[in-house]
Structures are given as structure tokens and as C-alpha cells.
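Asker: Have a look at this one.
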Amino acid sequence: MRFVRLDTPKPISKIGLGTWQFGSREWGYGADYERRAAEIVRRALDLGVTLFDTAELYGFGRSERILGAALEDDRAKVVVASKIFPLLPVAPVVQQRAVASAARLGVDRIDLYQVHQANPVVADTTTMRGMRTLQDVGLVAEVGVSNYDLRRWRFAEAALGRRVLSNQVRYSMIDRGPEEDLIPYAEQAGRIVIAYSPLAQGFLSGRYDASNPPSGAVRRANPYFLPENLARGTELIATLREVADAHDATPSQIALAYVLRHPNVVAIPGASGVEQMERNAAAADIDLADDEYAALVAAAHAFRPVTGLAAMPRLIRARLGK
């Protein structure tokens, strides 16, 4: 396992484990997934994974409870990250919700406490005042944000008066927006970009095509999985497979290696089983050659999916089975 080269109280692995699916029925993993979740966490620990990310919103607290129980006595050795759902995130509420998350996780200190989404009405001034108090009393070690643009990330830091260590954003080969400003800022300022959905919810795995679409409510709501977009992604997946063959790897591992090529980026893919966790962890050790990376960049730029408002009628028809 490789780690981010930053001054943090605990080492942060380049591959972490995202736990949105823990306790969340919409992923469609079945009733036995809670047992499997514990097995996945234990195997992640064996593989050197130190970053485990959850949120109070995931399964309405169940993800935090499942993760905390699965970590057992190793909670103090790893970076446990959670997120506050930004409903009225004024200072007293931030403090109360952190206490509740820590209790569900079974920890005395949340290693990384993040604002899940920028609130359009409540200023970060009051949110970060709550975060600062949490740091002062020792309940929170590091503060992070999620889904922030660069301007608001920097404003949050000014409001906190300390570093806001991380910004957790959607980043993958086909969601490359963070490459424009967030990743360069992280590298310049000694911060971290945490890439969620680094496999575009499995689109980049090569498991799905127009004749084999995914199941589960989350993926069915993602326009990338429209049959037209699955067809348009054929060339991109072919390039991933070609690079993967050169490394005796899978397309998913190469897609992860793409985002991990940036020194200040970590990825938190989910895992439906122990085997997938093992494959994800192994991706941290893949070094892409310059020409391979260039080929992946070119293939990603050539992919033109139907998204946004143009995708809505197609999504509705797909949900209705028409």
C-alpha cells in the first residue's frame, strides 16, 4: 500500500474504503451485506488500508455503526472519516452531530470530520466555528469538506483559521473537473483531494454494456448507465482493457491508477466483497507509463456521454421500462 506524503497524525493510504453502501438498501447488495461489510473492513485492514470514509447520512447512521463495529480495536490505528449532513450546519448543531457520529462509530475522536455539501444559505463562517471548537476540545482531529469548489474551499479555510485538510469530490476518468483547479491547489498547498466514485459507480469496470445494464437504484439513476452511453463508452473500455492487459490488471484497477497518479489524490471506492477490496488495494501499486496515461486521457476526452437535462427523458423511460 502507498500513502500520501503529508504531515498528518496518522498515515493516509492512497486507497481507502468508501462505505456509502453499508446499511443502504438502494445499492441492492442483499440482506447478508452487513456481514460481508465486516469481512471487507477486516480484509482492508490486512491490506494496509488506513482511510475509512462514512457519513451520518449513509443508511441514516447505520453505515457509521457497521464500520465502527467492524473496525473493533483497530479504530485508534486508522483514519476514520465521517461527514455531517449540512442541514442547518450552524456551530451548535455541528458540535451536536459530531458527538452523535463519534458515538455511533465508537471513537473518542473523529480523525477527519467533513461537511458533506456546501450549504447555499448557511455561511461557512458559523459551520467552521463549530468545527474549530470540536478541534479545540479534541473531538475532531482534522477538518474536511466535500463537494466544494475551490473558492469555497479556500473560504472555509479562512473561516476555520487552520487547514481544511481535504475536499472529497467526484473524480474519475470521466469526471475530470477536479483536474482543472482542485488537484493543482491540493498539490501546491499540501492538501488532499479525496476521489469518490473513482470508477464512476462501476461504469469503468467494463462489467456493463448496453445488453447488460446494472441493477440497483443508485446505478439506474446514473445517466452513464443509459444504453446509449454504455454503447458510447465501448472505445474507452477497450483502451482500459488494453492498458490493463499490459499490467496483468483489470480495467477497474487501471481506472483507479489513473486518479492515483496525482500525488495528493486518494480514492475511496466501495467494495461489494472481499475480492473486490483486494483488487482495489492492489491498484495503489500500479505505475502507469507516460504513454499509457496519455492514451487513457485521449480515450476519456473522446467519450461524449449524454448527461444533464438531455438525459432526463431517457432516464425516465428507462425507469419505466420503455
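Residue numbers start at 1 in each chain; chains themselves are named A, B, ... in the order of the C-alpha cells; ligands are numbered from 1 in the order shown.
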What are the closest atom pairs, with distances in Å to one decimal, for each residue of stretch 155-213 of chain A lying within 10 Å of stretch 9-22 of chain A, using only C-alpha atoms, rows by chain and rising residue number, as JSON lines?

Answerer:
{"residue": "A:Ile192", "atom": "CA", "partner": "A:Ile12", "partner_atom": "CA", "distance": 9.9}
{"residue": "A:Ile194", "atom": "CA", "partner": "A:Gly16", "partner_atom": "CA", "distance": 9.2}
{"residue": "A:Ala195", "atom": "CA", "partner": "A:Ile15", "partner_atom": "CA", "distance": 9.7}
{"residue": "A:Tyr196", "atom": "CA", "partner": "A:Gly18", "partner_atom": "CA", "distance": 7.6}
{"residue": "A:Ser197", "atom": "CA", "partner": "A:Gly18", "partner_atom": "CA", "distance": 8.9}

Asker: So which bits of stretch 38-137 of chain A end up strand (DSSP E or B) when you DSSP the backbone, as a ChimeraX atom specification?

Answerer: /A:51-53,79-84,110-115

Asker: Return as a Markdown table the residues of stretch 17-112 of chain A lying at most 12 Å from stretch 163-177 of chain A, together with the closest atom-to-atom pair for each and the distance in Å to one decimal, counting only C-alpha atoms, with rows in chain order and ascending residue number.

Answerer:
| residue | atom | partner | partner_atom | distance |
| --- | --- | --- | --- | --- |
| A:Gly18 | CA | A:Gln168 | CA | 11.2 |
| A:Asp53 | CA | A:Gln168 | CA | 10.1 |
| A:Thr54 | CA | A:Gln168 | CA | 11.6 |
| A:Ala55 | CA | A:Gln168 | CA | 12.0 |
| A:Ala81 | CA | A:Ser166 | CA | 10.7 |
| A:Ser82 | CA | A:Gln168 | CA | 11.1 |
| A:Lys83 | CA | A:Gln168 | CA | 10.1 |
| A:Asp111 | CA | A:Leu165 | CA | 11.0 |
| A:Leu112 | CA | A:Leu165 | CA | 8.4 |

Asker: Which residues are close to A:Gly138, i.e. within 9 Å by only C-alpha atoms, leaving aside same-chain residues fewer than 3 positions away? Reply as a PyMOL selection string.

Answerer: chain A and resi 108-110+133-135+141

Asker: Of the candidates A:Val93, A:Val259, A:Ala298, A:Ile84, which one gets nearest to A:Ala284 if we count only C-alpha atoms?

Answerer: A:Val259

Asker: Using backbone DSSP assignments, extract all alpha helix (DSSP H) residues from stretch 4-251 of chain A; output them as an MDAnalysis selection string.

Answerer: chainID A and resid 33:46 62:71 91:105 124:136 150:160 182:189 217:220 227:232 234:246 251

Asker: Work out how far apart atom CA of A:Pro251 and atom CA of A:Ala231 are and give it in Å to one decimal.

Answerer: 16.6 Å

Asker: May I ask for the distance between atom CA of A:Phe85 and atom CA of A:Val265, given in Å to one decimal place?

Answerer: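 Rounded to one decimal, the two atoms are 23.2 Å apart.
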
Asker: Please compute the atom CA of A:Leu51-atom CA of A:Met277 distance, one decimal, in Å.

Answerer: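 Distance between the two atoms: 13.0 Å.
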
Asker: Just checking: using only C-alpha atoms, which residue out of A:Ala98, A:Leu87, A:Leu288, A:Val145 ends up closest to A:Val115?

Answerer: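 For A:Val115, the nearest of the candidates is A:Val145.
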